[in-house]
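Here's the structure we're looking at; comments come further down.
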Amino acid sequence: MAKLIDASEAADDISIQEAATALMAGELVVFPTETVYGLGAIVSNEDALRHIYRAKGRPSDNPLIIHVSDEEMFFQYAKDSEAASILINHFCPGPLTLVVPARDSLSRVITAGLDTVAIRIPCHPLAQDLIRATGEAIAAPSANRSGRPSATRASDAFEDLENDIAYCIDGGPSEVGLESTIVDLSVEPFQILRPGYYTAETLNLVFKRLGKYPKFQVVEAPIQEMAKQQGPKAPGMKYRHYAPETEVLIIEGSSLEKRISDFSKKCADLDPSDSIAAFVSSELASQLEARGLLDSVELIQFSSPVDASHRLFAVLRDFDQPNTRRILVESLDGDTIEIAYMNRLRKAASSKQEALK
């Protein structure tokens, strides 16, 4: 039976060592990172790595991200890369994943048969403690069943994966709440395969300041087409993600009035008895309430784009109830964390679409 470890107040050395021992024995362990919770296995045990795919219901051609403690460990699994060293020195530990050429010794179960590997250095102290206790990298996709919203609370991961794990380390709610930015450094120009906390502009600025790559430009690739042609290099490129069972619709509009109108329109086909849930800004909520449009709506408000991003996955999970007919979520405009938020929200709202083949 899986054991839930409460380490939200402070790291418990004995509990961390217990979890590390389980990992080294080939068990799976859920642990917190600053982005979302991860479902971990040590990289040297291929049976455990395959167990990750089974536990999540994850397609075998969807590569895993591995988590390391520092730059030295990073290059135990990746071939030398000046660009990777530059980004590590500026942004790591933190919510950034780098796709780089893999060393030949790394299991192809992790890379899904590709010659590249996705690696990141998490900054959560419990994730760092766990990696150091095992002495090797931990492969860890998000700790949820494939297709469901990622887990930003230990209880969400435990609910999804209790029967497949030895331990679940509860480190409290994830600080960022959205998965890491993924940058492919194996091609030029470098490509953002998944938007996240760090934007293309932020990453690019480092290289410009150093004068290392005057023609360097981080771009967001047409990732769906690329995934069909050569297989996904990183999570989120090919398959359905972040989707609750309940239908999700996005409230959009270039002005507050247009968003109010869009909210009304997306409720128009519902019966009075239908249960509706909404995740909207406090500004929109106050206007909807003033016009009597929230009388039968279960409402959660966010105060800022950072707050919305931090809580999105948890809200989608909380609203995903059998008696809820529809979840309405307000869109965000902006060029920082809003890009990552909208990337996840649009995937959640397209849950009825057939996954790319």
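Residues are referred to by chain and number: the chain letter is A, B, ... according to the order shown in the structure tokens, the number counts from 1 in that chain, and ligands are numbered separately from 1 in the order shown.
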
I'd like to know which residues of region 77-237 of chain A are strand (DSSP E) (by DSSP, run on the backbone); could you write them as a ChimeraX atom specification? /A:96-101,116-120,138-139,167-170,181-184,191-194,219-220

Got time to write the residues from that selection, N, CA, C and O atoms, as a tab-separated table (two decimals), in the first residue's frame?
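The resulting selection.tsv:
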```
chain	number	residue	atom	x	y	z
A	96	LEU	N	12.89	25.02	-15.99
A	96	LEU	CA	13.38	25.01	-17.36
A	96	LEU	C	13.89	23.61	-17.70
A	96	LEU	O	14.69	23.04	-16.95
A	97	THR	N	13.43	23.06	-18.83
A	97	THR	CA	13.87	21.75	-19.32
A	97	THR	C	14.60	21.95	-20.64
A	97	THR	O	14.12	22.67	-21.51
A	98	LEU	N	15.76	21.31	-20.77
A	98	LEU	CA	16.58	21.43	-21.96
A	98	LEU	C	16.64	20.11	-22.70
A	98	LEU	O	16.94	19.07	-22.10
A	99	VAL	N	16.32	20.13	-23.98
A	99	VAL	CA	16.44	18.94	-24.83
A	99	VAL	C	17.80	19.03	-25.52
A	99	VAL	O	18.07	19.97	-26.26
A	100	VAL	N	18.62	18.02	-25.27
A	100	VAL	CA	20.01	18.02	-25.75
A	100	VAL	C	20.37	16.62	-26.24
A	100	VAL	O	19.70	15.64	-25.89
A	101	PRO	N	21.44	16.48	-27.02
A	101	PRO	CA	21.90	15.14	-27.42
A	101	PRO	C	22.23	14.29	-26.19
A	101	PRO	O	22.92	14.74	-25.27
A	116	THR	N	18.05	12.30	-28.41
A	116	THR	CA	18.04	13.45	-27.51
A	116	THR	C	17.37	13.06	-26.19
A	116	THR	O	16.61	12.09	-26.12
A	117	VAL	N	17.64	13.86	-25.16
A	117	VAL	CA	17.02	13.65	-23.85
A	117	VAL	C	16.60	15.00	-23.29
A	117	VAL	O	17.27	16.02	-23.50
A	118	ALA	N	15.48	15.01	-22.56
A	118	ALA	CA	14.99	16.22	-21.89
A	118	ALA	C	15.41	16.16	-20.42
A	118	ALA	O	15.10	15.20	-19.72
A	119	ILE	N	16.13	17.19	-19.98
A	119	ILE	CA	16.67	17.20	-18.61
A	119	ILE	C	16.35	18.54	-17.94
A	119	ILE	O	16.41	19.59	-18.57
A	120	ARG	N	16.04	18.46	-16.64
A	120	ARG	CA	15.90	19.70	-15.89
A	120	ARG	C	16.46	19.55	-14.48
A	120	ARG	O	16.64	18.45	-13.97
A	138	ILE	N	16.50	11.07	-11.70
A	138	ILE	CA	15.16	10.49	-11.56
A	138	ILE	C	14.34	10.90	-12.77
A	138	ILE	O	14.17	12.09	-13.05
A	139	ALA	N	13.85	9.91	-13.51
A	139	ALA	CA	12.92	10.18	-14.61
A	139	ALA	C	11.55	10.45	-14.00
A	139	ALA	O	11.07	9.67	-13.19
A	167	TYR	N	5.59	5.47	-2.42
A	167	TYR	CA	5.51	6.66	-1.57
A	167	TYR	C	4.99	7.85	-2.38
A	167	TYR	O	5.22	7.95	-3.58
A	168	CYS	N	4.33	8.75	-1.64
A	168	CYS	CA	3.94	10.05	-2.19
A	168	CYS	C	4.38	11.09	-1.17
A	168	CYS	O	3.87	11.12	-0.04
A	169	ILE	N	5.33	11.92	-1.56
A	169	ILE	CA	5.88	12.93	-0.65
A	169	ILE	C	5.08	14.22	-0.81
A	169	ILE	O	5.05	14.83	-1.88
A	170	ASP	N	4.41	14.64	0.25
A	170	ASP	CA	3.58	15.85	0.22
A	170	ASP	C	4.42	17.06	0.62
A	170	ASP	O	4.77	17.23	1.78
A	181	THR	N	9.13	25.26	-18.90
A	181	THR	CA	9.43	25.60	-20.28
A	181	THR	C	10.38	24.54	-20.84
A	181	THR	O	11.35	24.17	-20.18
A	182	ILE	N	10.09	24.04	-22.04
A	182	ILE	CA	10.99	23.07	-22.68
A	182	ILE	C	11.61	23.73	-23.91
A	182	ILE	O	10.90	24.20	-24.80
A	183	VAL	N	12.95	23.75	-23.94
A	183	VAL	CA	13.69	24.34	-25.05
A	183	VAL	C	14.53	23.26	-25.72
A	183	VAL	O	15.29	22.56	-25.04
A	184	ASP	N	14.39	23.12	-27.01
A	184	ASP	CA	15.17	22.15	-27.77
A	184	ASP	C	16.47	22.81	-28.24
A	184	ASP	O	16.46	23.69	-29.12
A	191	GLN	N	14.32	25.88	-30.32
A	191	GLN	CA	12.86	25.90	-30.38
A	191	GLN	C	12.23	25.68	-29.01
A	191	GLN	O	12.69	24.83	-28.24
A	192	ILE	N	11.20	26.42	-28.73
A	192	ILE	CA	10.41	26.18	-27.53
A	192	ILE	C	9.38	25.11	-27.88
A	192	ILE	O	8.50	25.33	-28.72
A	193	LEU	N	9.50	23.96	-27.23
A	193	LEU	CA	8.57	22.86	-27.48
A	193	LEU	C	7.36	22.92	-26.56
A	193	LEU	O	6.32	22.34	-26.86
A	194	ARG	N	7.52	23.60	-25.42
A	194	ARG	CA	6.39	23.80	-24.50
A	194	ARG	C	6.61	25.12	-23.76
A	194	ARG	O	7.62	25.30	-23.10
A	219	VAL	N	12.42	30.17	-30.95
A	219	VAL	CA	11.12	30.24	-31.60
A	219	VAL	C	10.23	29.14	-31.06
A	219	VAL	O	10.70	28.12	-30.58
A	220	GLU	N	8.93	29.38	-31.12
A	220	GLU	CA	7.99	28.33	-30.77
A	220	GLU	C	7.64	27.60	-32.05
A	220	GLU	O	7.03	28.15	-32.95
```

Non-local contacts of region 108-110 of chain A (6 Å; only C-alpha atoms; under 2 positions in same chain excluded) as a PyMOL selection string: chain A and resi 63-64+112-113

Which of A:Ile5, A:Ile14, A:Ile337, A:Ala133 sits closest to Gly171 (chain A) [using only C-alpha atoms]: A:Ile5

Using DSSP on the backbone, list every residue of region 67-229 of chain A that comes out as helix (DSSP H, G or I), and give them as a PyMOL selection string. chain A and resi 71-77+82-91+108-111+125-134+154-164+200-210+223-229

Taking only C-alpha atoms into account, name the residue in A:Leu293, A:Leu4, A:Arg346, A:Val248 that is nearest to Ala268 (chain A).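 Of A:Leu293, A:Leu4, A:Arg346, A:Val248, the one nearest Ala268 (chain A) is A:Leu293, counting only C-alpha atoms.
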
Distance of CA of Val43 (chain A) from CA of Ile121 (chain A), expressed in Å to one decimal place: 14.8 Å

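Around His51 (chain A), within 9 Å and counting only C-alpha atoms, the residues found are A:Glu27, A:Leu28, A:Ala41, A:Glu46, A:Lys56, A:Asp164, once anything fewer than 5 positions away on its own chain is removed.
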
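Coordinates place CA of Ala340 (chain A) at a distance of 19.6 Å from CA of Ala278 (chain A).
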
Residue nearest Arg148 (chain A) among A:Cys267, A:Leu49, A:Ala314, A:Ala25 (counting only C-alpha atoms):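 Closest residue, counting only C-alpha atoms: A:Ala314.
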
Who sits within 8 Å of region 281-285 of chain A, only C-alpha atoms, same chain under 6 positions skipped, as an MDAnalysis selection string: chainID A and resid 256 259:260 301:304 330

Would you list the contacts of Glu82 (chain A) as a list in words, taking every protein, DNA or RNA residue within 12 Å and counting only C-alpha atoms, but skipping same-chain residues closer than 2 positions in sequence?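 These residues fall inside the cut-off: Glu71, Phe75, Ala78, Lys79, Asp80, Ala84, Ser85, Ile86, Leu87, Ile88, Asn89, Val100, Leu185, Ser186, Phe207, Lys212 and Tyr213 of chain A.
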
Could those selected residues go to a file with N, CA, C and O atoms, as an mmCIF file, in the first residue's frame?
```cif
data_model
loop_
_atom_site.group_PDB
_atom_site.id
_atom_site.type_symbol
_atom_site.label_atom_id
_atom_site.label_comp_id
_atom_site.auth_asym_id
_atom_site.auth_seq_id
_atom_site.Cartn_x
_atom_site.Cartn_y
_atom_site.Cartn_z
ATOM 1 N N GLU A 71 24.559 20.907 -12.466
ATOM 2 C CA GLU A 71 25.132 20.868 -13.807
ATOM 3 C C GLU A 71 26.036 19.652 -14.004
ATOM 4 O O GLU A 71 26.047 19.047 -15.080
ATOM 5 N N PHE A 75 25.436 16.702 -17.099
ATOM 6 C CA PHE A 75 26.310 16.245 -18.183
ATOM 7 C C PHE A 75 26.789 14.800 -18.019
ATOM 8 O O PHE A 75 27.531 14.304 -18.853
ATOM 9 N N ALA A 78 23.916 13.988 -20.606
ATOM 10 C CA ALA A 78 23.874 14.770 -21.845
ATOM 11 C C ALA A 78 25.279 14.986 -22.372
ATOM 12 O O ALA A 78 26.245 15.091 -21.602
ATOM 13 N N LYS A 79 25.385 15.051 -23.682
ATOM 14 C CA LYS A 79 26.671 15.401 -24.297
ATOM 15 C C LYS A 79 26.952 16.886 -24.065
ATOM 16 O O LYS A 79 26.033 17.675 -23.813
ATOM 17 N N ASP A 80 28.227 17.253 -24.138
ATOM 18 C CA ASP A 80 28.625 18.627 -23.857
ATOM 19 C C ASP A 80 27.867 19.611 -24.748
ATOM 20 O O ASP A 80 27.663 19.370 -25.939
ATOM 21 N N ALA A 84 23.617 24.777 -23.358
ATOM 22 C CA ALA A 84 22.997 24.241 -22.150
ATOM 23 C C ALA A 84 23.672 24.806 -20.905
ATOM 24 O O ALA A 84 22.995 25.199 -19.939
ATOM 25 N N SER A 85 25.002 24.880 -20.906
ATOM 26 C CA SER A 85 25.724 25.431 -19.753
ATOM 27 C C SER A 85 25.329 26.881 -19.489
ATOM 28 O O SER A 85 25.150 27.292 -18.342
ATOM 29 N N ILE A 86 25.172 27.655 -20.555
ATOM 30 C CA ILE A 86 24.773 29.058 -20.401
ATOM 31 C C ILE A 86 23.403 29.156 -19.730
ATOM 32 O O ILE A 86 23.214 29.921 -18.771
ATOM 33 N N LEU A 87 22.457 28.390 -20.219
ATOM 34 C CA LEU A 87 21.100 28.460 -19.659
ATOM 35 C C LEU A 87 21.057 27.905 -18.239
ATOM 36 O O LEU A 87 20.340 28.439 -17.379
ATOM 37 N N ILE A 88 21.787 26.838 -17.973
ATOM 38 C CA ILE A 88 21.837 26.278 -16.618
ATOM 39 C C ILE A 88 22.374 27.319 -15.638
ATOM 40 O O ILE A 88 21.827 27.518 -14.548
ATOM 41 N N ASN A 89 23.451 27.989 -16.019
ATOM 42 C CA ASN A 89 24.074 28.969 -15.122
ATOM 43 C C ASN A 89 23.185 30.171 -14.853
ATOM 44 O O ASN A 89 23.304 30.810 -13.805
ATOM 45 N N VAL A 100 18.618 18.018 -25.270
ATOM 46 C CA VAL A 100 20.006 18.019 -25.750
ATOM 47 C C VAL A 100 20.373 16.620 -26.239
ATOM 48 O O VAL A 100 19.700 15.640 -25.894
ATOM 49 N N LEU A 185 17.589 22.379 -27.669
ATOM 50 C CA LEU A 185 18.899 22.917 -28.029
ATOM 51 C C LEU A 185 19.607 22.044 -29.056
ATOM 52 O O LEU A 185 20.759 22.316 -29.395
ATOM 53 N N SER A 186 18.927 21.022 -29.558
ATOM 54 C CA SER A 186 19.558 20.110 -30.518
ATOM 55 C C SER A 186 19.375 20.574 -31.955
ATOM 56 O O SER A 186 19.869 19.937 -32.887
ATOM 57 N N PHE A 207 21.652 35.205 -24.252
ATOM 58 C CA PHE A 207 22.613 34.990 -25.332
ATOM 59 C C PHE A 207 23.020 36.316 -25.984
ATOM 60 O O PHE A 207 24.178 36.517 -26.335
ATOM 61 N N LYS A 212 27.195 35.601 -27.666
ATOM 62 C CA LYS A 212 27.643 34.273 -28.078
ATOM 63 C C LYS A 212 27.027 33.841 -29.404
ATOM 64 O O LYS A 212 27.686 33.217 -30.225
ATOM 65 N N TYR A 213 25.747 34.156 -29.582
ATOM 66 C CA TYR A 213 25.040 33.706 -30.768
ATOM 67 C C TYR A 213 24.283 34.897 -31.362
ATOM 68 O O TYR A 213 23.091 35.058 -31.130
#
```

Give me the residues near Ser155 (chain A) as a compact mmCIF listing (two decimals) with N, CA, C and O atoms, in the first residue's frame, where near means some atom within 12 Å (using only C-alpha atoms) and where sequence neighbours in that chain fewer than 5 positions away do not count.
```txt
# COMPACT_ATOMS: atom_id res chain seq x y z
N LYS A 3 2.42 4.83 0.74
CA LYS A 3 2.55 5.63 1.95
C LYS A 3 2.63 7.10 1.59
O LYS A 3 3.43 7.49 0.74
N LEU A 4 1.82 7.91 2.24
CA LEU A 4 1.82 9.35 2.04
C LEU A 4 2.71 9.99 3.09
O LEU A 4 2.47 9.84 4.29
N ILE A 5 3.76 10.68 2.66
CA ILE A 5 4.71 11.33 3.57
C ILE A 5 4.41 12.81 3.61
O ILE A 5 4.47 13.50 2.59
N ASP A 6 4.09 13.34 4.80
CA ASP A 6 3.82 14.76 4.95
C ASP A 6 5.13 15.48 5.26
O ASP A 6 5.65 15.40 6.37
N VAL A 30 6.14 9.41 -5.93
CA VAL A 30 5.65 10.75 -6.29
C VAL A 30 6.35 11.77 -5.41
O VAL A 30 6.43 11.59 -4.19
N PHE A 31 6.84 12.84 -6.01
CA PHE A 31 7.55 13.86 -5.23
C PHE A 31 7.21 15.25 -5.78
O PHE A 31 6.85 15.40 -6.95
N PRO A 32 7.35 16.28 -4.94
CA PRO A 32 7.01 17.64 -5.37
C PRO A 32 8.15 18.30 -6.12
O PRO A 32 9.33 18.07 -5.84
N TYR A 37 3.75 18.04 -9.45
CA TYR A 37 4.28 16.82 -8.83
C TYR A 37 4.76 15.86 -9.92
O TYR A 37 4.20 15.80 -11.00
N ALA A 143 2.77 13.67 -12.29
CA ALA A 143 2.19 12.57 -11.51
C ALA A 143 0.67 12.56 -11.65
O ALA A 143 -0.06 12.92 -10.73
N ASN A 144 0.21 12.14 -12.81
CA ASN A 144 -1.23 12.04 -13.08
C ASN A 144 -1.44 11.00 -14.17
O ASN A 144 -0.52 10.66 -14.90
N SER A 150 -2.54 18.00 -14.76
CA SER A 150 -1.37 17.68 -13.95
C SER A 150 -1.67 17.92 -12.48
O SER A 150 -2.52 18.73 -12.12
N ASP A 160 -4.75 9.62 -8.26
CA ASP A 160 -4.55 9.02 -9.58
C ASP A 160 -3.69 7.76 -9.54
O ASP A 160 -3.90 6.83 -10.33
N LEU A 161 -2.71 7.71 -8.63
CA LEU A 161 -1.63 6.73 -8.77
C LEU A 161 -1.39 5.86 -7.53
O LEU A 161 -0.41 5.12 -7.48
N GLU A 162 -2.27 5.90 -6.56
CA GLU A 162 -2.06 5.21 -5.29
C GLU A 162 -1.65 3.74 -5.47
O GLU A 162 -0.80 3.22 -4.75
N CYS A 168 4.33 8.75 -1.64
CA CYS A 168 3.94 10.05 -2.19
C CYS A 168 4.38 11.09 -1.17
O CYS A 168 3.87 11.12 -0.04
N ILE A 169 5.33 11.92 -1.56
CA ILE A 169 5.88 12.93 -0.65
C ILE A 169 5.08 14.22 -0.81
O ILE A 169 5.05 14.83 -1.88
N ASP A 170 4.41 14.64 0.25
CA ASP A 170 3.58 15.85 0.22
C ASP A 170 4.42 17.06 0.62
O ASP A 170 4.77 17.23 1.78
N GLY A 171 4.74 17.89 -0.36
CA GLY A 171 5.50 19.11 -0.10
C GLY A 171 4.67 20.36 -0.20
O GLY A 171 5.22 21.46 -0.36
N GLY A 172 3.34 20.20 -0.13
CA GLY A 172 2.46 21.35 -0.25
C GLY A 172 2.15 21.68 -1.70
O GLY A 172 2.66 21.03 -2.63
N PRO A 173 1.30 22.68 -1.96
CA PRO A 173 0.94 23.05 -3.33
C PRO A 173 2.16 23.50 -4.13
O PRO A 173 3.06 24.15 -3.60
N SER A 174 2.18 23.15 -5.41
CA SER A 174 3.29 23.55 -6.28
C SER A 174 3.34 25.07 -6.39
O SER A 174 2.31 25.73 -6.54
N ALA A 314 -5.42 22.71 -10.37
CA ALA A 314 -6.18 22.34 -9.18
C ALA A 314 -7.66 22.66 -9.34
O ALA A 314 -8.54 21.86 -8.96
N ARG A 317 -9.40 20.18 -11.64
CA ARG A 317 -9.65 18.93 -10.93
C ARG A 317 -10.82 19.07 -9.95
O ARG A 317 -11.69 18.21 -9.86
N ASP A 318 -10.84 20.18 -9.21
CA ASP A 318 -11.91 20.38 -8.22
C ASP A 318 -13.28 20.51 -8.87
O ASP A 318 -14.30 20.07 -8.33
```
